[in-house]
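Enquirer: Sharing entry_29.pdb (PDB, C-alpha atoms) below.
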ATOM      1  CA  MET A 291       0.000   0.000   0.000
ATOM      2  CA  VAL A 292       2.822   2.409   0.869
ATOM      3  CA  LYS A 293       4.632   1.513  -2.365
ATOM      4  CA  ALA A 294       1.482   2.249  -4.402
ATOM      5  CA  LYS A 295       1.108   5.612  -2.667
ATOM      6  CA  ASN A 296       4.759   6.460  -3.398
ATOM      7  CA  ASN A 297       4.230   5.521  -7.057
ATOM      8  CA  ASP A 298       1.169   7.787  -7.196
ATOM      9  CA  MET A 299       3.170  10.663  -5.692
ATOM     10  CA  ARG A 300       6.002  10.101  -8.173
ATOM     11  CA  ARG A 301       3.541  10.049 -11.073
ATOM     12  CA  LEU A 302       1.988  13.304  -9.884
ATOM     13  CA  GLU A 303       5.427  14.921  -9.672
ATOM     14  CA  ASN A 304       6.297  13.651 -13.160
ATOM     15  CA  LYS A 305       2.963  14.886 -14.499
ATOM     16  CA  ASN A 306       3.725  18.329 -13.125
ATOM     17  CA  LYS A 307       7.123  18.265 -14.836
ATOM     18  CA  ALA A 308       5.678  16.966 -18.109
ATOM     19  CA  CYS A 309       2.942  19.564 -18.309
ATOM     20  CA  MET A 310       5.399  22.435 -18.092
ATOM     21  CA  ILE A 311       7.019  23.849 -21.199
ATOM     22  CA  GLU A 312       9.733  26.384 -20.577
ATOM     23  CA  GLY A 313      10.127  29.347 -22.892
ATOM     24  CA  SER A 314      12.956  31.853 -22.837
ATOM     25  CA  ASP A 315      11.156  34.097 -20.339
ATOM     26  CA  PHE A 316       8.114  32.115 -19.153
ATOM     27  CA  THR A 317       6.835  28.636 -18.365
ATOM     28  CA  VAL A 318       3.465  27.334 -19.544
ATOM     29  CA  CYS A 319       1.440  24.363 -18.312
ATOM     30  CA  ILE A 320      -0.097  22.565 -21.294
ATOM     31  CA  ASP A 321      -2.861  20.816 -19.315
ATOM     32  CA  PRO A 322      -5.489  23.549 -19.849
ATOM     33  CA  SER A 323      -4.755  23.462 -23.592
ATOM     34  CA  LEU A 324      -5.176  19.730 -24.111
ATOM     35  CA  PRO A 325      -8.913  19.764 -24.991
ATOM     36  CA  LEU A 326      -8.352  22.505 -27.592
ATOM     37  CA  LEU A 327      -5.259  20.775 -28.981
ATOM     38  CA  ASN A 328      -7.275  17.566 -29.266
ATOM     39  CA  LEU A 329      -9.942  19.403 -31.278
ATOM     40  CA  ILE A 330      -7.351  21.060 -33.517
ATOM     41  CA  GLY A 331      -5.904  17.633 -34.266
ATOM     42  CA  LYS A 332      -9.227  16.226 -35.448
ATOM     43  CA  LYS A 333      -9.860  15.711 -39.135
ATOM     44  CA  TYR A 334     -10.882  18.891 -40.988
ATOM     45  CA  THR A 335     -10.737  21.209 -37.940
ATOM     46  CA  MET A 336      -7.795  23.202 -39.297
ATOM     47  CA  MET A 337      -9.369  23.342 -42.742
ATOM     48  CA  VAL A 338     -12.636  24.679 -41.331
ATOM     49  CA  LEU A 339     -10.723  27.324 -39.354
ATOM     50  CA  GLY A 340      -8.806  28.194 -42.502
ATOM     51  CA  VAL A 341     -11.839  28.454 -44.742
ATOM     52  CA  ILE A 342     -13.851  30.513 -42.278
ATOM     53  CA  GLY A 343     -10.898  32.783 -41.481
ATOM     54  CA  ASN A 344      -9.749  33.436 -45.037
ATOM     55  CA  ARG A 345     -10.641  36.897 -46.320
ATOM     56  CA  GLY A 346     -12.499  37.660 -43.080
ATOM     57  CA  ILE A 347     -15.966  37.107 -44.521
ATOM     58  CA  ARG A 348     -18.768  35.002 -43.136
ATOM     59  CA  LYS A 349     -19.303  31.656 -44.792
ATOM     60  CA  ASN A 350     -22.402  29.529 -44.978
ATOM     61  CA  PHE A 351     -22.383  25.764 -44.538
ATOM     62  CA  ASN A 352     -22.341  24.944 -48.261
ATOM     63  CA  GLU A 353     -19.461  27.332 -48.914
ATOM     64  CA  ILE A 354     -17.437  25.680 -46.149
ATOM     65  CA  LEU A 355     -18.329  22.191 -47.362
ATOM     66  CA  ASN A 356     -17.498  22.999 -50.992
ATOM     67  CA  ASP A 357     -14.171  24.608 -50.070
ATOM     68  CA  ILE A 358     -12.925  21.472 -48.293
ATOM     69  CA  PRO A 359     -12.223  18.658 -50.772
ATOM     70  CA  TYR A 360     -13.427  15.136 -49.948
ATOM     71  CA  SER A 361     -15.244  16.250 -46.806
ATOM     72  CA  SER A 362     -18.726  15.122 -45.901
ATOM     73  CA  SER A 363     -21.620  17.181 -44.623
ATOM     74  CA  THR A 364     -21.743  15.030 -41.483
ATOM     75  CA  ILE A 365     -18.134  15.665 -40.444
ATOM     76  CA  ILE A 366     -18.224  19.369 -41.342
ATOM     77  CA  SER A 367     -21.419  19.781 -39.343
ATOM     78  CA  LYS A 368     -19.738  18.062 -36.377
ATOM     79  CA  ARG A 369     -16.633  20.248 -36.632
ATOM     80  CA  LEU A 370     -18.727  23.415 -36.794
ATOM     81  CA  LYS A 371     -20.537  22.329 -33.620
ATOM     82  CA  ASP A 372     -17.229  21.490 -31.907
ATOM     83  CA  LEU A 373     -15.739  24.849 -32.898
ATOM     84  CA  GLN A 374     -18.821  26.655 -31.590
ATOM     85  CA  ASP A 375     -18.608  24.734 -28.299
ATOM     86  CA  PHE A 376     -15.005  25.918 -27.899
ATOM     87  CA  ARG A 377     -16.085  29.450 -28.863
ATOM     88  CA  LEU A 378     -13.679  29.530 -31.803
ATOM     89  CA  ILE A 379     -16.444  30.365 -34.257
ATOM     90  CA  GLN A 380     -19.763  32.164 -34.064
ATOM     91  CA  ARG A 381     -22.972  31.144 -35.773
ATOM     92  CA  HIS A 382     -25.080  33.957 -37.196
ATOM     93  CA  ASP A 383     -28.766  33.536 -38.021
ATOM     94  CA  GLY A 384     -29.701  36.267 -40.464
ATOM     95  CA  GLU A 385     -31.954  37.133 -43.360
ATOM     96  CA  ASP A 386     -29.552  35.360 -45.730
ATOM     97  CA  GLY A 387     -29.555  32.201 -43.626
ATOM     98  CA  ILE A 388     -26.991  30.776 -41.261
ATOM     99  CA  THR A 389     -23.370  31.885 -41.596
ATOM    100  CA  TYR A 390     -20.214  31.333 -39.563
ATOM    101  CA  SER A 391     -17.316  33.590 -38.630
ATOM    102  CA  LEU A 392     -14.290  33.348 -36.381
ATOM    103  CA  SER A 393     -14.677  34.718 -32.877
ATOM    104  CA  ILE A 394     -11.932  36.938 -31.479
ATOM    105  CA  PHE A 395     -10.597  33.869 -29.671
ATOM    106  CA  GLY A 396     -10.760  31.888 -32.914
ATOM    107  CA  GLN A 397      -8.856  34.616 -34.743
ATOM    108  CA  ASN A 398      -6.189  34.566 -32.032
ATOM    109  CA  VAL A 399      -5.868  30.771 -32.114
ATOM    110  CA  ARG A 400      -5.697  30.782 -35.915
ATOM    111  CA  GLU A 401      -3.020  33.518 -35.900
ATOM    112  CA  SER A 402      -1.035  31.636 -33.254
ATOM    113  CA  LEU A 403      -1.034  28.471 -35.372
ATOM    114  CA  LEU A 404       0.199  30.171 -38.552
ATOM    115  CA  PRO A 405       3.918  30.206 -37.588
ATOM    116  CA  LEU A 406       3.792  26.476 -36.796
ATOM    117  CA  LEU A 407       1.989  25.710 -40.050
ATOM    118  CA  HIS A 408       4.467  27.849 -41.989
ATOM    119  CA  LEU A 409       7.386  26.028 -40.362
ATOM    120  CA  MET A 410       5.845  22.654 -41.214
ATOM    121  CA  GLU A 411       5.299  23.739 -44.807
ATOM    122  CA  LYS A 412       8.936  24.882 -45.137
ATOM    123  CA  THR A 413      10.389  21.748 -43.571
ATOM    124  CA  SER A 414       8.034  19.213 -45.116
ATOM    125  CA  LEU A 415       9.639  15.795 -45.397
ATOM    126  CA  ASP A 416       7.623  14.634 -48.408
TER     127      ASP A 416
END
Using structure tokens, write down the structure from this file.
Expert:
Amino acid sequence: MVKAKNNDMRRLENKNKACMIEGSDFTVCIDPSLPLLNLIGKKYTMMVLGVIGNRGIRKNFNEILNDIPYSSSTIISKRLKDLQDFRLIQRHDGEDGITYSLSIFGQNVRESLLPLLHLMEKTSLD
């Protein structure tokens, strides 16, 4: 029993070490970001953020669906719901129907991801 408790304490200490990423002038715990990072890693999430954020105009469902090759209406609908739940996008019900735009938070997340995406594009290991 004591050994199990010591293992649990060691795991907690290691978790605390693992969640911390040190920058040049600050340290960040990644734990609060994990749900968002999980969503970003899901199929078509980045494409939906890209399509909605490009040119800063609202997009309707069909525009988003048509702009993402090989996607299905089911998965795009799910991603739009997920992105709304995380408050990355906003749904607008208007005279012209339903449209979507990035929230301020969504714009910030999208902007923050651009340097990583640019780096990956430059160093692609095709």
Enquirer: Going by the chain IDs and residue numbers used in this file, which residues fall under the PyMOL selection byres ((chain A and resi 324-332) around 10)? Write them as an mmCIF file with C-alpha atoms, keeping the file's coordinate frame.
Expert:
data_model
loop_
_atom_site.group_PDB
_atom_site.id
_atom_site.type_symbol
_atom_site.label_atom_id
_atom_site.label_comp_id
_atom_site.auth_asym_id
_atom_site.auth_seq_id
_atom_site.Cartn_x
_atom_site.Cartn_y
_atom_site.Cartn_z
ATOM 1 C CA CYS A 309 2.942 19.564 -18.309
ATOM 2 C CA CYS A 319 1.440 24.363 -18.312
ATOM 3 C CA ILE A 320 -0.097 22.565 -21.294
ATOM 4 C CA ASP A 321 -2.861 20.816 -19.315
ATOM 5 C CA PRO A 322 -5.489 23.549 -19.849
ATOM 6 C CA SER A 323 -4.755 23.462 -23.592
ATOM 7 C CA LYS A 333 -9.860 15.711 -39.135
ATOM 8 C CA TYR A 334 -10.882 18.891 -40.988
ATOM 9 C CA THR A 335 -10.737 21.209 -37.940
ATOM 10 C CA MET A 336 -7.795 23.202 -39.297
ATOM 11 C CA MET A 337 -9.369 23.342 -42.742
ATOM 12 C CA LEU A 339 -10.723 27.324 -39.354
ATOM 13 C CA ARG A 369 -16.633 20.248 -36.632
ATOM 14 C CA ASP A 372 -17.229 21.490 -31.907
ATOM 15 C CA LEU A 373 -15.739 24.849 -32.898
ATOM 16 C CA PHE A 376 -15.005 25.918 -27.899
ATOM 17 C CA LEU A 378 -13.679 29.530 -31.803
ATOM 18 C CA VAL A 399 -5.868 30.771 -32.114
ATOM 19 C CA LEU A 403 -1.034 28.471 -35.372
#
Enquirer: Using all atoms listed in the file, pick whichever of A:Ile394, A:Ile365, A:Ala308, A:Leu404 has the shortest atom-to-atom distance to A:Arg377.
Expert: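 Distance minimum relative to A:Arg377 lands on A:Ile394.
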Enquirer: Measuring atom to atom with all atoms listed in the file, identify which of A:Leu407, A:Ile354, A:Phe395, A:Ser367 is nearest to A:Gln380.
Expert: A:Phe395
Enquirer: Could you give me the axis-aligned bounding box of stretch 352-368 of chain A, with 5 Å of padding per side, as centre plus edge lengths in Å to one decimal, as JSON?
Expert:
{"center_x": -17.3, "center_y": 21.2, "center_z": -43.7, "size_x": 20.1, "size_y": 22.3, "size_z": 24.6}
Enquirer: Grab the atom CA of A:Leu392 to atom CA of A:Pro405 distance for me, in Å with one decimal place.
Expert: 18.5 Å
Enquirer: Could you please determine the separation between atom CA of A:Gly343 and atom CA of A:Val318 in Å, to one decimal place?
Expert: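 Distance between the two atoms: 26.8 Å.
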Enquirer: Given the file shown, enumerate the residues that the PyMOL selection byres ((chain A and resi 346) around 12) captures and present them as a PyMOL selection string.
Expert: chain A and resi 339-345+347-349+390-394+396-397
Enquirer: Any idea what the distance is between atom CA of A:Ser402 and atom CA of A:Asp383?
Expert: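 Separation of atom CA of A:Ser402 and atom CA of A:Asp383: 28.2 Å.
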Enquirer: Determine the nearest neighbour of A:Arg381 from the options A:Asn350, A:Asn356, A:Ser363, A:Asn398, counting only C-alpha atoms.
Expert: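 The closest residue to A:Arg381 is A:Asn350.
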Enquirer: Please determine, counting all atoms listed in the file, which residue among A:Val338, A:Leu409, A:Glu312, A:Ser414 has the shortest atom-to-atom distance to A:Lys371.
Expert: A:Val338
Enquirer: Which one of A:Ser361, A:Gln374, A:Thr413, A:Asn352 sits closest to A:Ile388 if you count all atoms listed in the file?
Expert: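 Checking each candidate against A:Ile388, we get A:Asn352 as the closest.
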Enquirer: For A:Ile366, which residue out of A:His408, A:Phe351, A:Ile379, A:Thr317 is the nearest one, using all atoms listed in the file?
Expert: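 Closest to A:Ile366 of all the choices is A:Phe351.
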